[in-house]
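Shown below: work01.cif, with mmCIF, C-alpha atoms.
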```cif
data_model
loop_
_atom_site.group_PDB
_atom_site.id
_atom_site.type_symbol
_atom_site.label_atom_id
_atom_site.label_comp_id
_atom_site.auth_asym_id
_atom_site.auth_seq_id
_atom_site.Cartn_x
_atom_site.Cartn_y
_atom_site.Cartn_z
ATOM 1 C CA MET P 1 6.596 194.478 1.915
ATOM 2 C CA CYS P 2 7.879 197.502 0.117
ATOM 3 C CA CYS P 3 10.864 199.795 0.050
ATOM 4 C CA GLY P 4 9.853 203.405 0.604
ATOM 5 C CA ALA P 5 7.199 205.346 2.471
ATOM 6 C CA THR P 6 4.084 203.189 2.146
ATOM 7 C CA VAL P 7 3.119 199.719 3.299
ATOM 8 C CA ASP P 8 0.091 197.964 1.796
ATOM 9 C CA ASP P 9 -1.177 201.264 0.338
ATOM 10 C CA ARG P 10 -0.928 203.021 3.714
ATOM 11 C CA ARG P 11 1.441 205.644 4.994
ATOM 12 C CA GLU P 12 4.289 204.243 7.034
ATOM 13 C CA SER P 13 3.316 203.985 10.696
ATOM 14 C CA LYS P 14 4.901 205.927 13.540
ATOM 15 C CA VAL P 15 8.538 204.975 14.100
ATOM 16 C CA PRO P 16 8.617 202.702 17.182
ATOM 17 C CA GLU P 17 10.877 203.348 20.139
ATOM 18 C CA VAL P 18 13.400 200.495 20.128
ATOM 19 C CA GLU P 19 14.897 199.058 23.299
ATOM 20 C CA VAL P 20 18.356 197.457 22.943
ATOM 21 C CA LEU P 21 18.968 194.190 24.814
ATOM 22 C CA THR P 22 22.613 193.160 25.114
ATOM 23 C CA PRO P 23 23.707 189.519 25.554
ATOM 24 C CA ARG P 24 25.556 187.775 28.342
ATOM 25 C CA ASN P 25 27.836 184.760 27.900
ATOM 26 C CA VAL P 26 26.503 181.486 29.324
ATOM 27 C CA PRO P 27 28.059 177.973 29.325
ATOM 28 C CA LEU P 28 25.616 175.458 27.834
ATOM 29 C CA GLY P 29 25.502 171.703 28.223
ATOM 30 C CA GLY P 30 27.181 170.547 31.427
ATOM 31 C CA PRO P 31 30.794 169.288 31.608
ATOM 32 C CA ARG P 32 31.399 169.673 27.848
ATOM 33 C CA ALA P 33 29.817 173.093 27.723
ATOM 34 C CA MET P 34 29.965 175.477 24.788
ATOM 35 C CA THR P 35 29.522 179.199 25.350
ATOM 36 C CA VAL P 36 26.417 180.930 23.998
ATOM 37 C CA ARG P 37 25.269 184.560 23.960
ATOM 38 C CA ARG P 38 21.905 184.891 25.752
ATOM 39 C CA THR P 39 19.630 187.879 25.157
ATOM 40 C CA LEU P 40 16.379 186.456 26.592
ATOM 41 C CA PRO P 41 15.426 186.325 29.382
ATOM 42 C CA GLN P 42 17.036 189.199 31.269
ATOM 43 C CA ARG P 43 16.042 191.673 33.935
ATOM 44 C CA ALA P 44 14.858 194.271 31.436
ATOM 45 C CA ARG P 45 12.645 191.867 29.494
ATOM 46 C CA THR P 46 11.383 188.339 30.120
ATOM 47 C CA LEU P 47 9.422 187.759 26.916
ATOM 48 C CA ILE P 48 8.815 189.071 23.405
ATOM 49 C CA GLY P 49 5.405 187.691 22.558
ATOM 50 C CA ALA P 50 5.679 184.120 23.849
ATOM 51 C CA TRP P 51 9.404 184.019 22.964
ATOM 52 C CA CYS P 52 11.055 183.573 26.346
ATOM 53 C CA PHE P 53 14.596 182.391 25.584
ATOM 54 C CA ALA P 54 17.169 183.274 22.917
ATOM 55 C CA ASP P 55 20.654 181.770 22.701
ATOM 56 C CA HIS P 56 22.983 182.790 19.868
ATOM 57 C CA TYR P 57 26.181 180.829 19.235
ATOM 58 C CA GLY P 58 29.082 180.681 16.796
ATOM 59 C CA PRO P 59 30.613 180.800 14.367
ATOM 60 C CA ASP P 60 32.294 178.081 16.439
ATOM 61 C CA ASP P 61 35.369 176.230 15.096
ATOM 62 C CA VAL P 62 34.472 172.668 16.085
ATOM 63 C CA ALA P 63 38.068 171.475 15.729
ATOM 64 C CA ALA P 64 39.088 173.921 18.460
ATOM 65 C CA THR P 65 36.062 173.746 20.773
ATOM 66 C CA GLY P 66 34.646 170.248 20.286
ATOM 67 C CA GLY P 67 31.280 171.544 19.048
ATOM 68 C CA MET P 68 27.942 170.824 20.697
ATOM 69 C CA ASP P 69 27.322 167.788 22.897
ATOM 70 C CA VAL P 70 24.282 168.309 25.110
ATOM 71 C CA ALA P 71 23.324 165.064 26.860
ATOM 72 C CA PRO P 72 19.645 164.095 27.334
ATOM 73 C CA HIS P 73 17.865 166.744 29.388
ATOM 74 C CA PRO P 74 14.199 167.527 30.162
ATOM 75 C CA HIS P 75 11.748 170.286 29.255
ATOM 76 C CA THR P 76 8.291 171.306 30.459
ATOM 77 C CA GLY P 77 5.867 174.051 29.460
ATOM 78 C CA LEU P 78 7.557 175.156 26.229
ATOM 79 C CA GLN P 79 8.416 174.634 22.578
ATOM 80 C CA THR P 80 12.050 174.598 21.435
ATOM 81 C CA VAL P 81 12.938 176.201 18.098
ATOM 82 C CA SER P 82 16.275 175.251 16.497
ATOM 83 C CA TRP P 83 17.642 177.312 13.575
ATOM 84 C CA LEU P 84 21.142 177.012 12.115
ATOM 85 C CA PHE P 85 23.268 179.245 9.889
ATOM 86 C CA SER P 86 26.015 176.635 9.415
ATOM 87 C CA GLY P 87 26.849 173.139 10.609
ATOM 88 C CA GLU P 88 24.593 170.220 11.467
ATOM 89 C CA ILE P 89 23.141 168.910 14.764
ATOM 90 C CA GLU P 90 21.620 165.514 15.457
ATOM 91 C CA HIS P 91 18.434 165.714 17.544
ATOM 92 C CA ARG P 92 17.037 162.713 19.443
ATOM 93 C CA ASP P 93 14.016 162.877 21.758
ATOM 94 C CA SER P 94 11.799 160.697 23.931
ATOM 95 C CA LEU P 95 9.025 160.836 21.342
ATOM 96 C CA GLY P 96 11.331 158.632 19.239
ATOM 97 C CA SER P 97 12.329 161.415 16.834
ATOM 98 C CA ARG P 98 15.789 161.335 15.281
ATOM 99 C CA ALA P 99 16.283 164.340 13.040
ATOM 100 C CA PHE P 100 19.016 166.656 11.824
ATOM 101 C CA VAL P 101 19.066 170.414 12.277
ATOM 102 C CA ARG P 102 20.525 171.986 9.125
ATOM 103 C CA PRO P 103 20.868 175.571 7.875
ATOM 104 C CA GLY P 104 17.562 176.967 6.660
ATOM 105 C CA GLU P 105 15.517 174.119 8.186
ATOM 106 C CA LEU P 106 13.287 174.459 11.249
ATOM 107 C CA ASN P 107 13.048 171.848 13.994
ATOM 108 C CA LEU P 108 10.340 172.580 16.561
ATOM 109 C CA MET P 109 9.802 170.318 19.580
ATOM 110 C CA THR P 110 6.874 170.586 21.997
ATOM 111 C CA GLY P 111 7.580 169.628 25.597
ATOM 112 C CA GLY P 112 4.386 170.487 27.448
ATOM 113 C CA TYR P 113 3.873 168.044 30.311
ATOM 114 C CA GLY P 114 7.342 166.606 29.736
ATOM 115 C CA ILE P 115 9.885 165.554 27.110
ATOM 116 C CA CYS P 116 13.648 165.013 26.973
ATOM 117 C CA HIS P 117 16.147 165.256 24.131
ATOM 118 C CA SER P 118 19.828 165.378 23.200
ATOM 119 C CA GLU P 119 21.666 167.674 20.772
ATOM 120 C CA VAL P 120 25.028 166.716 19.246
ATOM 121 C CA SER P 121 26.897 168.337 16.347
ATOM 122 C CA THR P 122 27.657 165.774 13.638
ATOM 123 C CA PRO P 123 31.187 164.572 12.740
ATOM 124 C CA GLY P 124 31.129 166.406 9.406
ATOM 125 C CA THR P 125 30.470 169.791 11.040
ATOM 126 C CA THR P 126 33.441 172.160 10.893
ATOM 127 C CA VAL P 127 31.724 175.449 11.880
ATOM 128 C CA LEU P 128 28.687 175.547 14.152
ATOM 129 C CA HIS P 129 26.582 178.710 14.077
ATOM 130 C CA GLY P 130 22.940 179.380 14.877
ATOM 131 C CA VAL P 131 20.244 180.189 17.422
ATOM 132 C CA GLN P 132 18.296 178.166 19.969
ATOM 133 C CA LEU P 133 14.939 179.673 20.953
ATOM 134 C CA TRP P 134 12.141 178.789 23.378
ATOM 135 C CA VAL P 135 8.436 179.628 23.271
ATOM 136 C CA ALA P 136 6.396 179.617 26.489
ATOM 137 C CA LEU P 137 3.129 177.681 26.328
ATOM 138 C CA PRO P 138 -0.025 179.429 27.616
ATOM 139 C CA GLU P 139 -1.774 178.032 30.692
ATOM 140 C CA GLU P 140 -4.419 176.104 28.764
ATOM 141 C CA HIS P 141 -1.771 174.288 26.712
ATOM 142 C CA ARG P 142 1.210 174.057 29.041
ATOM 143 C CA HIS P 143 0.659 170.323 29.584
ATOM 144 C CA ALA P 144 0.397 169.610 25.847
ATOM 145 C CA GLU P 145 1.506 166.234 24.539
ATOM 146 C CA ARG P 146 4.972 165.676 23.112
ATOM 147 C CA ASP P 147 5.336 166.685 19.480
ATOM 148 C CA PHE P 148 8.027 167.289 16.875
ATOM 149 C CA GLN P 149 7.758 169.253 13.601
ATOM 150 C CA HIS P 150 10.252 169.780 10.789
ATOM 151 C CA TYR P 151 9.810 172.444 8.102
ATOM 152 C CA VAL P 152 11.959 173.816 5.285
ATOM 153 C CA PRO P 153 10.757 177.339 4.385
ATOM 154 C CA GLU P 154 11.365 178.595 0.886
ATOM 155 C CA SER P 155 13.883 181.342 0.272
ATOM 156 C CA VAL P 156 12.013 184.530 -0.660
ATOM 157 C CA ARG P 157 13.831 187.231 -2.638
ATOM 158 C CA LEU P 158 12.808 190.829 -2.051
ATOM 159 C CA ASP P 159 14.291 194.084 -3.257
ATOM 160 C CA GLY P 160 17.303 194.378 -0.956
ATOM 161 C CA ALA P 161 16.713 191.278 1.146
ATOM 162 C CA GLU P 162 16.256 187.526 1.280
ATOM 163 C CA LEU P 163 14.061 185.963 3.932
ATOM 164 C CA ARG P 164 12.864 182.597 5.220
ATOM 165 C CA VAL P 165 9.651 182.587 7.262
ATOM 166 C CA PHE P 166 9.831 179.623 9.638
ATOM 167 C CA LEU P 167 6.915 180.619 11.921
ATOM 168 C CA GLY P 168 3.861 182.768 11.275
ATOM 169 C CA SER P 169 3.454 185.140 8.322
ATOM 170 C CA LEU P 170 5.613 187.842 6.749
ATOM 171 C CA ALA P 171 5.759 189.507 3.318
ATOM 172 C CA GLY P 172 2.890 187.342 2.062
ATOM 173 C CA HIS P 173 4.518 184.040 3.017
ATOM 174 C CA ASP P 174 3.132 181.693 5.670
ATOM 175 C CA SER P 175 4.589 178.858 7.718
ATOM 176 C CA PRO P 176 2.354 175.811 8.348
ATOM 177 C CA VAL P 177 4.092 174.983 11.645
ATOM 178 C CA ARG P 178 1.660 174.743 14.583
ATOM 179 C CA THR P 179 2.094 177.007 17.616
ATOM 180 C CA PHE P 180 -0.115 177.730 20.627
ATOM 181 C CA THR P 181 -0.017 181.551 20.450
ATOM 182 C CA PRO P 182 0.330 183.925 17.456
ATOM 183 C CA LEU P 183 4.043 184.060 16.572
ATOM 184 C CA LEU P 184 6.471 185.268 13.934
ATOM 185 C CA GLY P 185 9.925 183.869 13.233
ATOM 186 C CA ALA P 186 12.006 184.701 10.140
ATOM 187 C CA GLU P 187 15.621 184.896 9.033
ATOM 188 C CA ILE P 188 16.250 188.113 7.089
ATOM 189 C CA VAL P 189 19.469 188.693 5.153
ATOM 190 C CA LEU P 190 19.958 192.289 4.011
ATOM 191 C CA GLU P 191 22.069 193.261 1.034
ATOM 192 C CA PRO P 192 24.920 195.761 1.618
ATOM 193 C CA GLU P 193 23.534 199.210 2.507
ATOM 194 C CA ALA P 194 19.962 198.072 1.704
ATOM 195 C CA THR P 195 16.807 199.575 3.221
ATOM 196 C CA VAL P 196 13.751 197.335 3.575
ATOM 197 C CA THR P 197 10.353 198.146 5.075
ATOM 198 C CA LEU P 198 8.231 195.187 6.153
ATOM 199 C CA GLY P 199 4.532 195.286 6.896
ATOM 200 C CA VAL P 200 3.893 193.700 10.306
ATOM 201 C CA ASP P 201 0.936 193.013 12.592
ATOM 202 C CA PRO P 202 0.443 196.015 14.936
ATOM 203 C CA ALA P 203 -0.852 193.629 17.628
ATOM 204 C CA PHE P 204 2.614 192.034 17.757
ATOM 205 C CA GLU P 205 5.681 193.138 19.649
ATOM 206 C CA HIS P 206 8.925 192.361 17.807
ATOM 207 C CA GLY P 207 12.540 191.573 18.468
ATOM 208 C CA LEU P 208 15.349 191.739 15.910
ATOM 209 C CA LEU P 209 18.470 189.711 16.711
ATOM 210 C CA VAL P 210 21.528 190.742 14.689
ATOM 211 C CA ASP P 211 23.818 187.839 13.806
ATOM 212 C CA HIS P 212 26.378 189.874 11.876
ATOM 213 C CA GLY P 213 26.509 193.345 10.407
ATOM 214 C CA ARG P 214 25.247 196.680 11.706
ATOM 215 C CA VAL P 215 21.499 197.096 11.249
ATOM 216 C CA ARG P 216 19.316 200.067 12.063
ATOM 217 C CA MET P 217 15.861 199.060 13.315
ATOM 218 C CA ALA P 218 13.624 202.111 13.055
ATOM 219 C CA ASP P 219 16.002 204.829 14.370
ATOM 220 C CA THR P 220 18.171 202.558 16.545
ATOM 221 C CA LEU P 221 21.474 201.010 15.464
ATOM 222 C CA LEU P 222 22.059 197.382 16.511
ATOM 223 C CA GLY P 223 25.401 195.591 16.474
ATOM 224 C CA PRO P 224 26.222 191.870 16.341
ATOM 225 C CA ALA P 225 24.487 189.762 19.029
ATOM 226 C CA GLU P 226 22.245 192.652 20.129
ATOM 227 C CA LEU P 227 18.463 192.274 20.189
ATOM 228 C CA GLY P 228 16.269 195.256 19.386
ATOM 229 C CA TYR P 229 12.778 195.275 20.927
ATOM 230 C CA ALA P 230 9.856 197.196 19.374
ATOM 231 C CA PRO P 231 6.505 197.351 21.234
ATOM 232 C CA THR P 232 3.051 196.830 19.764
ATOM 233 C CA GLY P 233 1.300 199.539 17.801
ATOM 234 C CA THR P 234 3.306 199.747 14.575
ATOM 235 C CA ASP P 235 2.279 198.241 11.241
ATOM 236 C CA SER P 236 5.748 198.423 9.650
ATOM 237 C CA LEU P 237 9.378 197.919 10.533
ATOM 238 C CA THR P 238 12.173 199.575 8.563
ATOM 239 C CA LEU P 239 15.551 197.822 8.570
ATOM 240 C CA VAL P 240 18.678 199.503 7.215
ATOM 241 C CA ASN P 241 21.917 197.616 6.665
ATOM 242 C CA GLU P 242 24.667 200.097 7.482
ATOM 243 C CA SER P 243 27.362 197.551 6.605
ATOM 244 C CA HIS P 244 29.281 197.252 3.344
ATOM 245 C CA ASP P 245 28.624 193.491 3.460
ATOM 246 C CA ARG P 246 25.454 191.444 3.793
ATOM 247 C CA ALA P 247 23.869 191.503 7.258
ATOM 248 C CA ARG P 248 21.967 188.587 8.762
ATOM 249 C CA THR P 249 19.184 188.959 11.335
ATOM 250 C CA VAL P 250 16.417 186.908 12.946
ATOM 251 C CA LEU P 251 13.057 188.628 13.434
ATOM 252 C CA LEU P 252 10.836 187.364 16.259
ATOM 253 C CA GLY P 253 7.334 188.539 17.070
ATOM 254 C CA GLY P 254 4.090 187.717 18.805
ATOM 255 C CA THR P 255 1.154 189.076 20.745
ATOM 256 C CA PRO P 256 2.140 190.070 24.302
ATOM 257 C CA PHE P 257 2.140 187.091 26.660
ATOM 258 C CA GLY P 258 0.014 188.223 29.568
ATOM 259 C CA GLU P 259 0.808 185.397 31.993
ATOM 260 C CA GLU P 260 3.509 185.234 34.633
ATOM 261 C CA ILE P 261 5.948 182.348 34.251
ATOM 262 C CA VAL P 262 8.581 180.676 36.363
ATOM 263 C CA MET P 263 11.715 179.673 34.432
ATOM 264 C CA TRP P 264 14.430 177.552 36.008
ATOM 265 C CA TRP P 265 16.981 175.314 34.286
ATOM 266 C CA ASN P 266 15.026 173.672 31.419
ATOM 267 C CA PHE P 267 11.578 173.996 32.974
ATOM 268 C CA ILE P 268 8.803 176.555 32.591
ATOM 269 C CA GLY P 269 5.949 176.515 35.109
ATOM 270 C CA ARG P 270 3.729 178.909 37.014
ATOM 271 C CA SER P 271 5.040 178.379 40.544
ATOM 272 C CA HIS P 272 8.063 177.209 42.523
ATOM 273 C CA ASP P 273 6.174 173.985 43.278
ATOM 274 C CA ASP P 274 5.766 173.291 39.530
ATOM 275 C CA ILE P 275 9.527 173.514 39.109
ATOM 276 C CA ALA P 276 10.335 171.448 42.191
ATOM 277 C CA ARG P 277 7.952 168.713 41.068
ATOM 278 C CA ALA P 278 9.432 168.607 37.559
ATOM 279 C CA ARG P 279 12.958 168.423 38.966
ATOM 280 C CA GLU P 280 12.003 165.573 41.291
ATOM 281 C CA ASP P 281 10.351 163.678 38.436
ATOM 282 C CA TRP P 282 13.484 164.043 36.291
ATOM 283 C CA GLN P 283 15.840 162.970 39.075
ATOM 284 C CA ASN P 284 13.649 159.941 39.781
ATOM 285 C CA SER P 285 13.575 158.895 36.072
ATOM 286 C CA SER P 286 9.800 159.350 35.960
ATOM 287 C CA ASP P 287 7.852 158.267 32.876
ATOM 288 C CA ARG P 288 6.846 161.925 32.631
ATOM 289 C CA PHE P 289 9.892 162.638 30.435
ATOM 290 C CA GLY P 290 10.517 159.278 28.784
ATOM 291 C CA ALA P 291 14.008 158.367 27.591
ATOM 292 C CA VAL P 292 16.304 159.207 24.676
ATOM 293 C CA GLU P 293 17.512 156.150 22.776
ATOM 294 C CA GLY P 294 20.889 156.056 21.067
ATOM 295 C CA TYR P 295 22.823 158.733 22.959
ATOM 296 C CA PRO P 296 26.261 157.363 23.945
ATOM 297 C CA GLY P 297 26.383 158.585 27.518
ATOM 298 C CA ASP P 298 24.511 159.512 30.661
ATOM 299 C CA ARG P 299 21.746 162.054 30.862
ATOM 300 C CA LEU P 300 22.258 165.444 32.529
ATOM 301 C CA PRO P 301 21.424 165.582 36.240
ATOM 302 C CA ALA P 302 19.345 168.527 37.409
ATOM 303 C CA PRO P 303 21.183 171.184 39.429
ATOM 304 C CA ALA P 304 20.165 171.805 43.034
ATOM 305 C CA LEU P 305 17.219 174.103 43.572
ATOM 306 C CA PRO P 306 18.028 177.532 45.032
ATOM 307 C CA ASN P 307 17.449 178.034 48.752
ATOM 308 C CA ALA P 308 14.951 180.794 48.013
ATOM 309 C CA VAL P 309 11.499 180.467 46.455
ATOM 310 C CA ILE P 310 11.644 180.985 42.673
ATOM 311 C CA MET P 311 9.312 183.865 41.933
ATOM 312 C CA PRO P 312 7.151 184.282 38.815
ATOM 313 C CA ARG P 313 8.279 186.849 36.266
ATOM 314 C CA ARG P 314 6.612 188.917 33.586
ATOM 315 C CA ASN P 315 7.642 191.883 31.482
ATOM 316 C CA PRO P 316 7.983 195.241 33.249
ATOM 317 C CA PRO P 317 5.099 197.639 32.611
ATOM 318 C CA ARG P 318 5.487 199.904 29.601
ATOM 319 C CA ARG P 319 6.684 203.390 30.372
#
```
Structure encoded using structure tokens:
Amino acid sequence: MCCGATVDDRRESKVPEVEVLTPRNVPLGGPRAMTVRRTLPQRARTLIGAWCFADHYGPDDVAATGGMDVAPHPHTGLQTVSWLFSGEIEHRDSLGSRAFVRPGELNLMTGGYGICHSEVSTPGTTVLHGVQLWVALPEEHRHAERDFQHYVPESVRLDGAELRVFLGSLAGHDSPVRTFTPLLGAEIVLEPEATVTLGVDPAFEHGLLVDHGRVRMADTLLGPAELGYAPTGTDSLTLVNESHDRARTVLLGGTPFGEEIVMWWNFIGRSHDDIARAREDWQNSSDRFGAVEGYPGDRLPAPALPNAVIMPRRNPPRR
């Protein structure tokens, strides 16, 4: 990392062309739904690396909205990544994990062949604010066993920024958390009007989600809740905070995911039949997903399948 024209003793790479992905509002969690802003997936882009899902929520006044209460629900073919800016969420899963999601602490759950979990904001939470992310598992690992990892990355101070690397490597700091494809995940807080240039892997494509502030990624200005996408081929990313206050962002990255996937409800597969089978197993209380202990209520039923065949998706070809 450096501020200026060189990165790791090299000239700064060509400025990437940044694509801006705007969010849509989505109710999350059944009858007691909270509204989230979803930037992945969408028609313009299905994945960034193996990142296939990005929900951004809050700051949510729990006294007014009731907070988060997502009853037990299933997952297949993915890893969930929970990252908070404020508040606290209790996580329970069918592996037997009971953990708390807190600001600056990573919770990563692997639901390959099948897992289920619940997510409930704790009574002491007044403001709930964070992101929920999914990572698609590659074909050879998409039936991986259930797993849960917790990691607290150190806060790293740079000239003009503070960052926490929760997955992969950035600015000389590495996360020990296990993933199935090369990934990057980091929270980056920029000081008012700061400019920071970060050395990155040119084999990665990157996405920058702006939580608050106005941040220029390369030559493109991003506002709150927007996600800027930069393709492979650059070895540095320059971020400029054009706000008079601190700006907070989440940087995601990974090598392009070359496989087609089918995403429906909480399942990722490779075909319509994969999804239909997972739904049937969940509705029939199959051992495939196990059970969440300690949640005071019923689990979420699966919605009805669409009348049409669910088609696989991948990113559009580069122009």
- Where does the PyMOL selection byres ((chain P and resi 240-245) around 9) land in this file, that is, which residues does it pick, as a PyMOL selection string? chain P and resi 190-197+213-218+221+238-239+246-247
- Expected selection from the PyMOL selection byres ((chain P and resi 25) around 8), given as a PyMOL selection string: chain P and resi 23-24+26-27+35-38
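Proximity to P:Asp281 was assessed for P:Leu237, P:Ile48, P:Ala144, P:Ile115 counting only C-alpha atoms; the smallest distance is recorded for P:Ile115.
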Quick one: which stretch 275-299 of chain P residues come within 8 Å of stretch 83-105 of chain P, and what is the nearest atom pair for each with the distance in Å to one decimal, counting only C-alpha atoms, rows ordered by chain and ascending number, as CSV?
```
residue,atom,partner,partner_atom,distance
P:Phe289,CA,P:Ser94,CA,7.1
P:Gly290,CA,P:Ser94,CA,5.2
P:Ala291,CA,P:Ser94,CA,4.9
P:Val292,CA,P:Ser94,CA,4.8
P:Glu293,CA,P:Arg92,CA,7.4
P:Gly294,CA,P:Arg92,CA,7.9
P:Tyr295,CA,P:Arg92,CA,7.9
```
- Task: Would you kindly return, as a ChimeraX atom specification, each protein, DNA or RNA residue with an atom no farther than 12 Å from any atom of P:Pro296, considering only C-alpha atoms and excluding same-chain residues fewer than 4 positions away?
- Result: /P:69-72,92,118-120,292
- Message: Taking 4 positions as the minimum chain separation for residues in the same chain, which residues sit within 10 Å of stretch 39-41 of chain P when counting only C-alpha atoms? Answer as a PyMOL selection string.
- Response: chain P and resi 20-25+45-48+51-56+133-134+209+225-228+263+313+315
- In Å to one decimal, how far is atom CA of P:Ala203 from atom CA of P:Gly253? 9.7 Å
- Shell of 9 Å around P:Trp282, all atoms listed in the file, local chain residues under 3 positions omitted, as a ChimeraX atom specification: /P:73-74,277-279,285-289,301-302
- Convert the output of the PyMOL selection byres ((chain P and resi 176-180) around 7) on the shown file into explicit residues, formatted as a PyMOL selection string. chain P and resi 137+167+174-175+181-182
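Comparing the minimum interatomic distances between P:His75 and each of P:Val62, P:Val210, P:Met109, P:Val18, counting only C-alpha atoms, we find that P:Met109 sits nearest.
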Please, can stretch 200-211 of chain P be completed to N, CA, C and O atoms and returned as a compact mmCIF listing (two decimals), in the frame of the given file?
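Writing done, so here's selection_21.txt:
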```txt
# COMPACT_ATOMS: atom_id res chain seq x y z
N VAL P 200 4.01 194.63 9.19
CA VAL P 200 3.89 193.70 10.31
C VAL P 200 2.56 193.91 11.02
O VAL P 200 1.88 194.92 10.82
N ASP P 201 2.19 192.96 11.85
CA ASP P 201 0.94 193.01 12.59
C ASP P 201 1.10 193.99 13.76
O ASP P 201 1.95 193.78 14.63
N PRO P 202 0.29 195.04 13.83
CA PRO P 202 0.44 196.02 14.94
C PRO P 202 0.09 195.44 16.30
O PRO P 202 0.43 196.04 17.33
N ALA P 203 -0.56 194.27 16.35
CA ALA P 203 -0.85 193.63 17.63
C ALA P 203 0.36 192.89 18.17
O ALA P 203 0.34 192.44 19.33
N PHE P 204 1.41 192.75 17.35
CA PHE P 204 2.61 192.03 17.76
C PHE P 204 3.65 192.99 18.34
O PHE P 204 3.76 194.14 17.90
N GLU P 205 4.41 192.51 19.32
CA GLU P 205 5.68 193.14 19.65
C GLU P 205 6.76 192.34 18.93
O GLU P 205 6.56 191.16 18.59
N HIS P 206 7.91 192.98 18.65
CA HIS P 206 8.93 192.36 17.81
C HIS P 206 10.31 192.49 18.41
O HIS P 206 10.61 193.45 19.13
N GLY P 207 11.13 191.53 18.10
CA GLY P 207 12.54 191.57 18.47
C GLY P 207 13.39 191.22 17.27
O GLY P 207 13.09 190.26 16.55
N LEU P 208 14.44 191.99 17.02
CA LEU P 208 15.35 191.74 15.91
C LEU P 208 16.72 191.40 16.48
O LEU P 208 17.37 192.25 17.10
N LEU P 209 17.15 190.16 16.27
CA LEU P 209 18.47 189.71 16.71
C LEU P 209 19.44 189.83 15.54
O LEU P 209 19.19 189.26 14.47
N VAL P 210 20.53 190.57 15.74
CA VAL P 210 21.53 190.74 14.69
C VAL P 210 22.60 189.65 14.84
O VAL P 210 23.24 189.55 15.89
N ASP P 211 22.76 188.86 13.80
CA ASP P 211 23.82 187.84 13.81
C ASP P 211 25.15 188.48 13.42
O ASP P 211 26.12 188.42 14.17
```
